[in-house]
Amino acid sequence: MIPPFCPYKECPNHSHPPALRWWRHAGSHDTKCFGSVPRFLCRTCGRTFSSQTFSTNYYAKRTIDYRRLEELLASSMSIRALARTFHCSCPSILNRCDRLARQELAAHALLRPLAARHENVCIDGFVSFDRSQFFPNNLTIAITSDSRYLLSFTHATLRRSGSMTESQKKRRSTLYPGVPFERRALERSFTELLDELERDRPPRPAAPLVIVTDEKLEYERAFYAHPLFRNQDEAHRVALLRVNSTLPRSCHNPLFASNYLDRELRKDQAAHRRESTCFGRNVANGLSRLACYVGWHNYRKRYRITGPAFDHRLHADQAGIGAEAIARTRRSVFTMRAFSSLIELDGIETKIWGKRFPTPGKTRPDYLPHFAFG
């Protein structure tokens, strides 16, 4: 193996390794899982590292097929079922889901800017819950209208609303006092997606940016307060198309892409099945599994399942991303460990990577291994 760069981000050879041999061999060590692992020493910073430092299985004690894990996660298989399938514990599956999610986020950050920018963007909320139905959430998702390429998503924890029995009201009164609910969480989540659109898909002359949403007032307020709308001019126009959510969910509905994705998430994600024992116990873990689903949906799933057998187009293909770029980046997802210091992650991806979305009622931050931010 030839080390591609020094893994320590403080070293000059981390981001710009010289063409000359900046490293030397430093022996090897034996492991039960990977056999003999060669070690290296950086001639600049003097630190040592091994070939496993650049592997997705860094610091792992056993291997799991990440391709199969991604496929089964997108097939509505629960964490316990995955643990039985891979003959390991549930914490091991959660650990591999976190690793795979970081890999998928890194690949998506590299491929997303290559997508064509002529399509409308649908932004809508997918409603589920965390911990219990007293803590509903709103997964605000941005997806392109025609290619149905999933751009980004974010999370907002809400209060339970609607009619409740007396026992449910009593239960709510005991749960809510210790939980700090975020004010205007829906507006914040919509604003985060607008920030990403402003950076990645800004309006261009003769190509306005059209955002399609439902009639939530929170979305409207966030849109008209955002710089994307306030700073537009004659050559760079942004439009908000509001669609009544009671309209038929057919392919003629401007929000069809969002409605389609809602159906797919209910079908493909175990944590979002209705009236099931499978639901999210932890917000950060649930978002990691959703990040894995983004990789499956965009870069492995066929664009038209009912299309001709010879039509193997992916959602990313339909969005204008080249097949070579997809194949090259996807190969590294399952083999080469992604370093956040070498990838330009957006704000939402950084929060998901660092597990910074809090679980309601949980006071301690989620555990994150030190090498996750290597």
# chains A, B, ... in the order shown; residues from 1 in each chain; ligands from 1

call {"tool": "select_by_dssp", "arguments": {"residues": "stretch 218-280 of chain A", "states": "alpha helix (DSSP H)", "output": "NGL selection string"}}
result
:A and (218-225 or 227-230 or 256-268)

call {"tool": "write_last_selection", "arguments": {"atoms": "C-alpha atoms", "output": "short mmCIF file (atom, residue, chain, number, x, y, z; two decimals), in the first residue's frame"}}
result
data_model
loop_
_atom_site.label_atom_id
_atom_site.label_comp_id
_atom_site.auth_asym_id
_atom_site.auth_seq_id
_atom_site.Cartn_x
_atom_site.Cartn_y
_atom_site.Cartn_z
CA GLU A 218 -43.71 28.48 8.56
CA TYR A 219 -42.22 27.74 5.15
CA GLU A 220 -43.62 30.94 3.69
CA ARG A 221 -42.25 33.09 6.52
CA ALA A 222 -38.81 31.48 6.28
CA PHE A 223 -38.73 31.96 2.49
CA TYR A 224 -39.59 35.65 2.48
CA ALA A 225 -37.09 36.34 5.29
CA PRO A 227 -31.45 36.35 1.64
CA LEU A 228 -32.14 34.06 -1.31
CA PHE A 229 -35.43 35.93 -1.79
CA ARG A 230 -34.47 39.34 -0.41
CA PHE A 256 -45.16 14.60 -6.75
CA ALA A 257 -41.44 14.11 -6.02
CA SER A 258 -41.97 14.78 -2.30
CA ASN A 259 -45.08 12.61 -2.19
CA TYR A 260 -43.19 9.83 -3.96
CA LEU A 261 -40.33 10.01 -1.46
CA ASP A 262 -42.78 9.94 1.48
CA ARG A 263 -44.17 6.67 0.18
CA GLU A 264 -40.69 5.22 -0.33
CA LEU A 265 -39.57 6.14 3.19
CA ARG A 266 -42.64 4.50 4.72
CA LYS A 267 -41.93 1.40 2.68
CA ASP A 268 -38.13 1.20 2.89
#

call {"tool": "residues_around", "arguments": {"residues": "A:Pro17", "least_positions_apart": "5", "cutoff": "10 Å", "atoms": "only C-alpha atoms", "output": "CSV table (one decimal) with N, CA and C atoms, in the first residue's frame"}}
result
chain,number,residue,atom,x,y,z
A,3,PRO,N,0.6,5.1,1.1
A,3,PRO,CA,-0.3,6.1,1.8
A,3,PRO,C,-0.6,7.3,1.0
A,4,PRO,N,-1.9,7.6,0.8
A,4,PRO,CA,-2.2,8.8,0.0
A,4,PRO,C,-1.9,10.1,0.6
A,5,PHE,N,-1.9,10.2,2.0
A,5,PHE,CA,-1.6,11.4,2.7
A,5,PHE,C,-1.4,11.1,4.1
A,6,CYS,N,-0.9,12.1,4.9
A,6,CYS,CA,-0.7,11.9,6.3
A,6,CYS,C,-2.1,12.0,7.0
A,11,CYS,N,-0.7,18.1,10.2
A,11,CYS,CA,0.5,17.9,9.4
A,11,CYS,C,0.3,18.5,8.0
A,12,PRO,N,1.4,19.2,7.5
A,12,PRO,CA,1.3,19.8,6.1
A,12,PRO,C,1.0,18.7,5.0
A,22,TRP,N,7.2,11.1,1.1
A,22,TRP,CA,7.2,11.8,2.4
A,22,TRP,C,7.0,10.8,3.6
A,23,TRP,N,7.0,9.6,3.4
A,23,TRP,CA,6.8,8.6,4.4
A,23,TRP,C,7.8,7.5,4.3

call {"tool": "atom_distance", "arguments": {"atom1": "atom CA of A:Ile93", "atom2": "atom CA of A:Arg80"}}
result
8.6 Å

call {"tool": "closest_atom_pairs", "arguments": {"of": "stretch 68-135 of chain A", "to": "stretch 282-291 of chain A", "cutoff": "12 Å", "atoms": "only C-alpha atoms", "output": "CSV"}}
result
residue,atom,partner,partner_atom,distance
A:Leu69,CA,A:Arg289,CA,10.6
A:Glu70,CA,A:Arg289,CA,9.1
A:Glu71,CA,A:Arg289,CA,11.6
A:Leu72,CA,A:Arg289,CA,11.1
A:Leu73,CA,A:Arg289,CA,7.4
A:Ala74,CA,A:Arg289,CA,8.9
A:Ser75,CA,A:Arg289,CA,11.9
A:Ser76,CA,A:Arg289,CA,10.9
A:Met77,CA,A:Arg289,CA,11.2
A:Ser78,CA,A:Arg289,CA,10.6
A:Ile79,CA,A:Arg289,CA,10.2
A:Pro91,CA,A:Asn285,CA,11.0
A:Ile93,CA,A:Arg289,CA,10.8
A:Leu94,CA,A:Asn285,CA,7.3
A:Asn95,CA,A:Asn285,CA,9.4
A:Arg96,CA,A:Ser288,CA,10.1
A:Cys97,CA,A:Arg289,CA,6.4
A:Asp98,CA,A:Ser288,CA,5.8
A:Arg99,CA,A:Ser288,CA,8.8
A:Leu100,CA,A:Ser288,CA,8.2
A:Ala101,CA,A:Ser288,CA,5.2
A:Arg102,CA,A:Ser288,CA,7.9
A:Gln103,CA,A:Ala291,CA,9.3
A:Glu104,CA,A:Ala291,CA,6.6
A:Leu105,CA,A:Ala291,CA,6.6
A:Ala106,CA,A:Ala291,CA,10.3
A:Ala107,CA,A:Ala291,CA,10.8
A:His108,CA,A:Ala291,CA,9.3
A:Ala109,CA,A:Ala291,CA,11.6
A:Ser128,CA,A:Gly286,CA,10.9
A:Phe129,CA,A:Val283,CA,9.2
A:Asp130,CA,A:Val283,CA,6.5
A:Arg131,CA,A:Asn282,CA,6.9
A:Ser132,CA,A:Asn282,CA,10.6
A:Phe135,CA,A:Val283,CA,10.8

call {"tool": "closest_residue", "arguments": {"among": "A:Ser332, A:Ser245, A:Gln318, A:Thr154", "to": "A:Ile352", "atoms": "only C-alpha atoms"}}
result
A:Thr154
